[in-house]
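Q: The structure is given below, and queries will be raised subsequently.
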Amino acid sequence: MELWATEINKKKSGKYRQDMVSVLVTILLILASVGTGGYLILRELLENVFGMPFLAGVLIGCILCLGLLSGHRKYAIGSSAFLAVVLAAGIFFWKGILHGSISCWDELADTLGSRTGIYLTRYGTSAETGDRELILFFLFMGIVMGLAGTLVSCMRFTVLVVLWALVLPVCMFYLQKFPDLKTGLVFYTGVILELNEMMPGKKDRVQMGKRGSVLVWGILFSIVVVAVSVSAMGLIAPEKDYSSSELVKNAGKEITDKIEEIRYKKGGVNSLPNGKLKEAGSWKGSEDTALCVTMEHPDSLYLRGFTGSVYDGNQWKSVSTETAYGEKNLFYWLHQDGFYGETQLASIRNLVKDDSLSSTEGTVSVENEKADSRYVYLPYETQKLPENYRGITGTADSMLNARGLFGDRKYSFTSLGNLVKDFTALGAESYQVLSEQPDSTYRQQESYYNSFVYQQDTVIPDNLTTLFEKELGNGGDRNQGHTDYYTAISRIRSYLEDNMTYSTATDVYSGTGDFAENFLTESKIGHSVHYATAAALMFRYYGIPSRYVEGYLVTPEDVKDKKDGDKIDIPGKNGHAWTEIYIDGMGWVPVEMTPEYYGVMEEPDLTLGLEAEGARTALVPETETEQKENTPEINTHWNLQIAVTGLVKFILLLLLVFDIFGICFLITVYILRAVANIRRKRAFQSQDRRQAVRAMVGYAGRLYEQGTFDEKLSSEFQNTWRTGQKAAFSPHEISSEERQEVEECVKALKKELLKNTGWYDRWVMKYIERLY
């Protein structure tokens, strides 16, 4: 009886120690995965993060959840009582927590708006938010995340853990911020260890047992991985290089560009480079249908897609999300009053009373077959935007980025007929109308948008200003106003026609210099991408806002003999790059600057209306004045080689970390399996038959849990289990025959289990469960 009581006490003591170790392991894993991971993600999104209150909250939430799920009545009651205290404190301090949460939400909205173009509603608080409110918010946020993370771990929701691990790299690439390296390694070490604990083969999904040995080996694993990874990365490149925004920005951009190609491109219907000028080689366009357009009233149109406002010598980029976010209030109120940059031409047409100008309103539907689906292709005559796109965006009315994971491939909008072919007459009449209505709502709205356009779309690099002074002569004083439109168009066209050669067979320019400068001074050969780029910059030299545009042409030939409602297939070869300029009071219009495309689209009479002197027009000297002293050429800092080098280095580092994790994991698994096999073999071969039987029966029990066995083998296992109970609790001796029966049962269970188990489960049993 005394032996029986001793064995029971030993069992209780062992189970207690096992549960305590299991609790400590769980807490460490939650702090590593949820605590450090949440802290890193918050640092990506917010500037002011209180880490210690947040981690303390995660710890509290973890302990509360473990107590509620423990199965012990006193632990559950204690945790429930403590949770009630936490909720009471939350109710008492609810105003401080609310102010802290609103402050963090507003900061999150600013971060996403300025870095990604995702606009969230800012709420603001009447009271000033201090450190006290933020500490309360992070503390209670940590508690919530600790509860959720522990529940996910105990319930073994592996998918959620994997998704949680992916949040940080997504934030890193889209926000272009690189987190602390050492903290990141701790986070992913915790995630890997947690996933290891969730491996299949354990039936009890909520109970926390069977984690004892993970504590020691997990700590050892973490120390080795962090030390080796940090040391190896330090040898390849100093940590300061990885905190360099330029390096991370370039590497992240290269990766996101590849992802976007997979998301939005169905095939190469043409070689338009999406503004990436140094990827523009020879022009290629296929006969495959890129867009299928259905018009209520067919007419030839320019369908505008990518629009580049910022030129850096290497590529055209749209308005930066930071710039657009800084002007969000301007565009919010413009849109509230119905003013959109994309619909400006139709708006001014509605003010002009001229029956000779197109006024036929109709619905246009576009089905994107193989064109790049990241853009919504719209004509300049758009009267109403598609329903889901009427709001402020991160592109400041320069273009519409399509929504959805793979872009929007079907959309409809209302549009007027072809106004572009008559934009000179429309411009002259609109100038007259607006001069007669100085207080009109449209004129006030256009004046605000006009100021933004001149600030954004007249910027030109200094090296090109110097070049244009040499090649084009005096461009006038842009501070006094721009050159009149007709003079600028005529001079630019003449220069390009006389000095450049059109060719579809051009080489990719991979040099480190300026793309436009190389085209104008070195190669002097190009196609529409080259001409449109050079012309847009030359218009800026003359003080006229201009942009580079890529899209598709619906030519008069395409709509010939088409009836209302007929589908029009626009082939890939209709892809084209052109220049658009801003006409004061009227808006953006396309001007064809590629000689090969003269006459492809209907063109207005450029001598009519463009000489009208608006408020921003200034005369250009007829004779060339003395040239200014040459300033040194300034090449931009954008270098494709830097981006590629950063990307390669970053990928190598990721692969190195992955390899280190994998090697450490395999070494750890093999060592643990070898140790388990040695211990098991020694226990089975013990001279003490009672000890040997107890070890073999315990092993048989673990084997039995892994599979389903026939009635005969199940009966043998029951007999073996009774022998094990006899060895553990009975004072009677264990015979050699009983030991032999137990050994044979173990062999039979293992043989049957391996016979009926797939390769993956066998791998788990062998290396994770360490059963053989």
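Ordering of the structure tokens sets the chain letters (A, B, ...); residue numbers start at 1 within each chain; ligands are numbered from 1 in the order shown.
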For Ser412 of chain A, find every residue with an atom within 12 Å (counting only C-alpha atoms), except residues of its own chain fewer than 5 positions away, and show them as a PyMOL selection string.
A: chain A and resi 292-296+362-368+376-379+382-389
Q: For segment 279-282 of chain A, please output as a ChimeraX atom specification all residues within 7 Å (counting only C-alpha atoms; exclusion window: fewer than 6 positions along the same chain).
A: /A:273,504-508
Q: Between A:Val420, A:Ala89, A:Tyr123, A:Leu55, which one has atoms that come closest to Leu139 of chain A, using only C-alpha atoms?
A: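 Looking at the shortest contact to Leu139 of chain A, the residue is A:Leu55.
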Q: What is the atom CA of Val559 of chain A to atom CA of Pro298 of chain A distance in Å?
A: 6.1 Å
Q: Check the smallest atom-to-atom distance from each of A:Thr36, A:Ser22, A:Ser286, A:Thr129 to Thr189 of chain A using only C-alpha atoms, then report the winner.
A: A:Thr36
Q: How many Å separate atom CA of Leu405 of chain A from atom CA of Arg263 of chain A?
A: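 These two atoms are separated by 7.1 Å.
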Q: Find the residue from A:Gly565, A:Gly190, A:Pro590, A:Gly543 that sits nearest to Val459 of chain A; use only C-alpha atoms when measuring.
A: A:Gly543
Q: At a cut-off of 10 Å, using only C-alpha atoms, what residues contact Glu44 of chain A? Leave out same-chain residues fewer than 4 positions from it and give the result as a compact mmCIF listing (two decimals) with all heavy atoms, in the first residue's frame.
A:
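The result, stored in result.txt:
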```
# COMPACT_ATOMS: atom_id res chain seq x y z
N GLY A 38 3.84 41.41 -32.89
CA GLY A 38 2.95 42.55 -32.82
C GLY A 38 3.69 43.86 -32.65
O GLY A 38 3.34 44.88 -33.25
N TYR A 39 4.74 43.83 -31.85
CA TYR A 39 5.55 45.04 -31.64
C TYR A 39 6.20 45.50 -32.95
O TYR A 39 6.19 46.68 -33.29
CB TYR A 39 6.61 44.77 -30.58
CG TYR A 39 7.61 45.90 -30.41
CD1 TYR A 39 7.24 47.08 -29.76
CD2 TYR A 39 8.91 45.78 -30.89
CE1 TYR A 39 8.14 48.11 -29.61
CE2 TYR A 39 9.81 46.81 -30.75
CZ TYR A 39 9.43 47.98 -30.11
OH TYR A 39 10.32 49.00 -29.96
N LEU A 40 6.77 44.54 -33.70
CA LEU A 40 7.42 44.89 -34.97
C LEU A 40 6.41 45.45 -35.97
O LEU A 40 6.70 46.43 -36.68
CB LEU A 40 8.11 43.66 -35.56
CG LEU A 40 9.38 43.19 -34.84
CD1 LEU A 40 9.86 41.88 -35.44
CD2 LEU A 40 10.47 44.24 -34.95
N VAL A 49 5.41 53.88 -30.37
CA VAL A 49 4.89 52.62 -29.84
C VAL A 49 5.51 52.38 -28.46
O VAL A 49 6.73 52.42 -28.31
CB VAL A 49 5.21 51.44 -30.77
CG1 VAL A 49 4.69 50.13 -30.17
CG2 VAL A 49 4.60 51.66 -32.15
N LEU A 108 -2.14 55.73 -38.03
CA LEU A 108 -2.17 54.65 -39.02
C LEU A 108 -2.73 55.15 -40.35
O LEU A 108 -2.21 54.81 -41.42
CB LEU A 108 -3.04 53.49 -38.48
CG LEU A 108 -3.35 52.35 -39.46
CD1 LEU A 108 -2.06 51.63 -39.83
CD2 LEU A 108 -4.35 51.38 -38.85
N THR A 111 -0.05 57.09 -42.10
CA THR A 111 1.00 56.22 -42.63
C THR A 111 0.54 55.53 -43.92
O THR A 111 1.25 55.54 -44.93
CB THR A 111 1.39 55.16 -41.59
OG1 THR A 111 1.89 55.80 -40.42
CG2 THR A 111 2.47 54.24 -42.14
N LEU A 168 4.26 40.82 -41.41
CA LEU A 168 5.44 41.68 -41.30
C LEU A 168 6.11 41.93 -42.65
O LEU A 168 6.37 43.10 -43.00
CB LEU A 168 6.43 41.09 -40.30
CG LEU A 168 7.71 41.91 -40.09
CD1 LEU A 168 7.37 43.30 -39.57
CD2 LEU A 168 8.65 41.19 -39.12
N CYS A 171 3.97 44.34 -44.73
CA CYS A 171 4.12 45.72 -44.26
C CYS A 171 5.47 46.29 -44.65
O CYS A 171 5.58 47.45 -45.05
CB CYS A 171 3.96 45.77 -42.73
SG CYS A 171 2.31 45.41 -42.12
N MET A 172 6.50 45.45 -44.55
CA MET A 172 7.86 45.92 -44.84
C MET A 172 7.99 46.37 -46.29
O MET A 172 8.54 47.44 -46.58
CB MET A 172 8.85 44.80 -44.53
CG MET A 172 10.30 45.19 -44.73
SD MET A 172 11.41 43.84 -44.31
CE MET A 172 11.06 42.69 -45.64
N LEU A 175 5.36 49.44 -47.04
CA LEU A 175 5.67 50.66 -46.32
C LEU A 175 7.13 51.06 -46.46
O LEU A 175 7.53 52.13 -46.03
CB LEU A 175 5.32 50.50 -44.84
CG LEU A 175 3.86 50.19 -44.54
CD1 LEU A 175 3.65 49.99 -43.04
CD2 LEU A 175 2.96 51.30 -45.04
N GLN A 176 7.96 50.14 -47.02
CA GLN A 176 9.36 50.42 -47.31
C GLN A 176 10.13 50.79 -46.04
O GLN A 176 10.93 51.71 -46.01
CB GLN A 176 9.49 51.54 -48.34
CG GLN A 176 8.84 51.18 -49.67
CD GLN A 176 8.80 52.33 -50.65
OE1 GLN A 176 9.15 53.45 -50.32
NE2 GLN A 176 8.35 52.07 -51.85
N LYS A 177 9.86 50.04 -44.97
CA LYS A 177 10.58 50.19 -43.71
C LYS A 177 11.11 48.83 -43.30
O LYS A 177 10.38 47.84 -43.33
CB LYS A 177 9.66 50.74 -42.62
CG LYS A 177 9.24 52.18 -42.83
CD LYS A 177 8.24 52.62 -41.77
CE LYS A 177 8.82 52.59 -40.38
NZ LYS A 177 7.87 53.05 -39.37
N PHE A 178 12.39 48.79 -42.91
CA PHE A 178 13.01 47.52 -42.52
C PHE A 178 13.06 47.45 -41.00
O PHE A 178 13.57 48.36 -40.35
CB PHE A 178 14.42 47.43 -43.10
CG PHE A 178 14.97 46.03 -43.09
CD1 PHE A 178 14.60 45.13 -44.07
CD2 PHE A 178 15.84 45.61 -42.11
CE1 PHE A 178 15.09 43.84 -44.08
CE2 PHE A 178 16.34 44.34 -42.10
CZ PHE A 178 15.97 43.44 -43.09
N PRO A 179 12.53 46.37 -40.39
CA PRO A 179 12.48 46.29 -38.92
C PRO A 179 13.84 45.94 -38.33
O PRO A 179 14.79 45.61 -39.03
CB PRO A 179 11.47 45.16 -38.68
CG PRO A 179 11.61 44.29 -39.88
CD PRO A 179 11.92 45.21 -41.03
```
Q: Just give me the gap between atom CA of Gly37 of chain A and atom CA of Gly184 of chain A in Å, one decimal is fine.
A: 7.5 Å
Q: Write out as a list in words which residues come within 8 Å of Val352 of chain A when counting only C-alpha atoms, dropping same-chain ones fewer than 4 positions away.
A: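 My list of contacting residues is Ile348, Leu426, Glu429, Ser430 and Val433 of chain A.
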Q: Please list as a ChimeraX atom specification every residue within 12 Å of Leu537 of chain A, counting only C-alpha atoms and excluding residues in the same chain fewer than 5 positions away.
A: /A:308-313,316,457-465,467-468,488,492,515-517,520,530-532,542-548,579-581,593
Q: Have a look at A:Thr487, A:Met155, A:Thr512, A:Phe423 and name the one nearest to Cys65 of chain A; count only C-alpha atoms.
A: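 Selected residue with least distance to Cys65 of chain A: A:Met155.
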Q: Kindly indicate which residue among A:Thr594, A:Gln718, A:Ser373, A:Gln437 lies nearest to Glu497 of chain A, using only C-alpha atoms for the distances.
A: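 Residue with the minimum atom-to-atom distance to Glu497 of chain A: A:Thr594.
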